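Colleague: Handing you a structure now.
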Amino acid sequence: MNAFLCALRTTGEPLQRGEIFPAIARLAGGRPDRLGWEGGGAFTAAARTEPDALRPLAARWRGLVGVGDVRLDNCREVRRWCAEPPPEDAPDLQLVLAAIDTRGTECIPALLGDFAFVVWDPRAQRLVAARDALGVKPLFYAERGDVLILSSRLRVFEDDPRIDREFVADFLVKGASDGERTIWAGARALPAGALLVQRGTVRELRRYWSPEAFVPTGAADPAEQRDTFRALFREAVAGRVDGAASPWAQLSGGLDSSSVVATAESMWREGLVGQRLAATVTVVDDIGRGDERTFSDTVARTFGLRNEQLSDWWAWRDDGHGAPRTDEPRPILPFFERDQRLVRMIREAGGSVLLSGLGADHMLYGTLGYVTDLVGRGRLLAAGKELARWAVATRQSFWHLAASHAVHPFLPRRMRLRAAGARARVPDWITGDFTVQHAVHERLPFWRTEGLTGRERFRRGVAWQVAQLQSWIEREPFGDGVELRYPFLYRPLVEFSLRLPPEMRIRPLQHKWVLREAMRGVLPEPVRTRTGKGAIDARILWSLQRERARLDALLREPILAELGIVDRQVLAEAVDAARNGVVANLATLIYALALETWLAVRAGRWGSAVDVAPAA
């Protein structure tokens, strides 16, 4: 639904569509009749024109040509920038073009919303590409000779199928990659909050937004900060509900998704939004700590909302549809059957938008890194008081907390490695050569967050978490049928949250304190005050056993082993050990299996595993 591409011959000579036919064919997915065309001369653009598309993906304004997926939060403000605003019902992409025509590209950093677009100005012979601050919408680019190609779909660049081993090194230990790298060595992702400017053969890439730019404030009035957070959160929810036909919302029963649902429903009852949620959807898992129906049912009953449930769907389940051929590898890929079922459910009910609670964990959860910072600044007494308060409230040893947060971060590197244990170890199944060649140790999340020493550990840790958000945004199969919208990723809300002092985020037994306070009187109390959180670890371990035959077939000749990246025997032994409940780091094991699944689908090897009867 959001598929578009454009191409520019950087030397200025005319570009014929036939020269980029392979890329166009991959974008069209066998339906070239559904492509709309724009441009001319050295620039050409194509966009999918699905009958049920949420918005147009191509537009013109006073000679400017634009292609992209744009949903703005500050339309009224942008309209005021325009010397001659477009009609009220004009798509947001055309509004962006009108603003650029009046103010130039300097206005792009002030755009709020979810967007990835490219603007061609034939008068200045200049191309400008932009991506939203949090990376909700994807945008990729690559050079093929003297032609620069940009697209919302990575599949466009599969003509150069060289694997980027740096990307793989990141993915195997984090489930994502930092910055610009993609699975394909010949293509790059435009970073979140970045601009690419191409004039002739000269290119400039610069960031206009980064979470690192925001510093937590000192002491402030908690009530005032709570009220500001609540107001911004309501703006965020309203902006993602209004204008959506039959919007749905995820409802896990956790604090985050429940807050989105409760706020959307409360604002509808107050007459502040014109569209009510059509339904909510809960993924239910009755193994271990995965069943949160006590909480999700409470929210659904309180607001009288329809709640659909997907129960006990496991990883690598294949009901005959086959694993989808997606653009990018994702850690959650093994749950492809569940996600495809969810998309069908929403589409069959007439929905096209799904609200998600993603984001709060990354910016509001908080860690005791602020205590480490107190030690780093020499404020030992204040650090000791904080540790004592936490020890009493959580019934932990003061000395254990002090060792973890006031001593270990300041030890020499080798001693910190020993103290961190498995968190700072590269998985055994990654080969030694690959580990050394690509410095895999340095990519571990431990060294990006907990491995930081004092003074700015808290701020930098939160900024790093926010920077990782774009890698956890759900793409396919949702991108082809349902648009995910993320209220917690409303940029003013994110910026305000990044400036919050630690005590507004984390208190003993009360993570996300400001969100809990903002939801007082909105969320049912059992949900607002809950301290635990559901998990699917038990279901994943169960899946390893349930799909034993399929996974054993997958690991018989793994592509990652053929590439010299993993040791086949060690990986297979790790999977067998996990089936028996012995696993050092389940996350990294899933990253490896998810990537191998993705590679097997691309290589046509998944079909041989589909026919294997799963273990009882």
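Following the order of the structure tokens, first chain is A, next is B, and so on, with residues numbered from 1 inside each chain and ligands from 1 in the order they appear.
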Excluding Phe488 in chain A and its own-chain neighbours fewer than 5 positions away, which residues fall within 8 Å of it when counting only C-alpha atoms? Please give them as a CSV table (one decimal) with C-alpha atoms, in the first residue's frame.

Modeller:
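The new file selection.csv reads:
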chain,number,residue,atom,x,y,z
A,233,PHE,CA,-0.5,12.0,25.0
A,236,ALA,CA,-0.9,12.0,20.1
A,357,GLY,CA,1.6,0.9,22.4
A,358,LEU,CA,5.2,0.7,21.2
A,359,GLY,CA,7.6,3.3,22.5
A,360,ALA,CA,6.9,3.8,26.2
A,493,LEU,CA,5.7,13.7,23.4
A,494,VAL,CA,9.0,12.0,22.8

Colleague: To test your reading of the structure, identify every residue in range 105-191 of chain A that backbone DSSP assigns to alpha helix (DSSP H), and report it as a ChimeraX atom specification.

Modeller: /A:165-174

Colleague: From a backbone DSSP assignment, name each residue in range 501-538 of chain A labelled strand (DSSP E or B), as number ranges by chain.

Modeller: A: 506-507, 510-511

Colleague: What lies within 8 Å of Val118 in chain A using only C-alpha atoms, ignoring chain neighbours under 2 positions off, as number ranges by chain?

Modeller: A: 6, 66-68, 116, 120, 127-130

Colleague: Report as JSON lines the residues of range 125-231 of chain A within 12 Å of range 559-562 of chain A, each with its shortest atom pair and distance in Å (one decimal), using only C-alpha atoms, ordered by chain and increasing residue number.

Modeller:
{"residue": "A:Ile163", "atom": "CA", "partner": "A:Leu560", "partner_atom": "CA", "distance": 10.6}
{"residue": "A:Arg165", "atom": "CA", "partner": "A:Leu560", "partner_atom": "CA", "distance": 10.5}
{"residue": "A:Val168", "atom": "CA", "partner": "A:Leu560", "partner_atom": "CA", "distance": 9.5}
{"residue": "A:Ala169", "atom": "CA", "partner": "A:Leu560", "partner_atom": "CA", "distance": 11.3}
{"residue": "A:Leu172", "atom": "CA", "partner": "A:Leu560", "partner_atom": "CA", "distance": 10.7}

Colleague: Compile the contact shell of Ala420 in chain A as a list in words: residues with an atom at most 12 Å away, counting only C-alpha atoms, same-chain residues fewer than 3 positions apart removed.

Modeller: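 In the requested format, the answer is Ala403, Ser404, His405, His408, Pro409, Leu411, Arg413, Arg414, Met415, Arg416, Leu417, Arg423, Ala424, Arg425, Leu444, Pro445, Phe446, Trp447, Glu450 and Gly451 of chain A.
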
Colleague: Counting only C-alpha atoms, which of A:Ala439, A:Leu515, A:Ala463, A:Val136 gets nearest to Val426 in chain A?

Modeller: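 The shortest atom-to-atom distance to Val426 in chain A comes from A:Ala439.
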
Colleague: Report the distance between CA of Leu401 in chain A and CA of Leu255 in chain A in Å, rounded to one decimal place.

Modeller: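 CA of Leu255 in chain A lies at a distance of 26.3 Å from CA of Leu401 in chain A.
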
Colleague: May I ask for the distance between CA of Ala223 in chain A and CA of Met504 in chain A, given in Å to one decimal place?

Modeller: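 Distance between the two atoms: 10.2 Å.
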
Colleague: With only C-alpha atoms as the counted atoms, please give the residues lying no more than 10 Å from Ala53 in chain A, apart from itself and same-chain residues fewer than 4 positions off, as a list in words.

Modeller: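 Using only C-alpha atoms, the neighbours found are Met1, Asn2, Arg48, Thr49, Leu57, Ser352, Asp480, Gly481 and Val482 of chain A.
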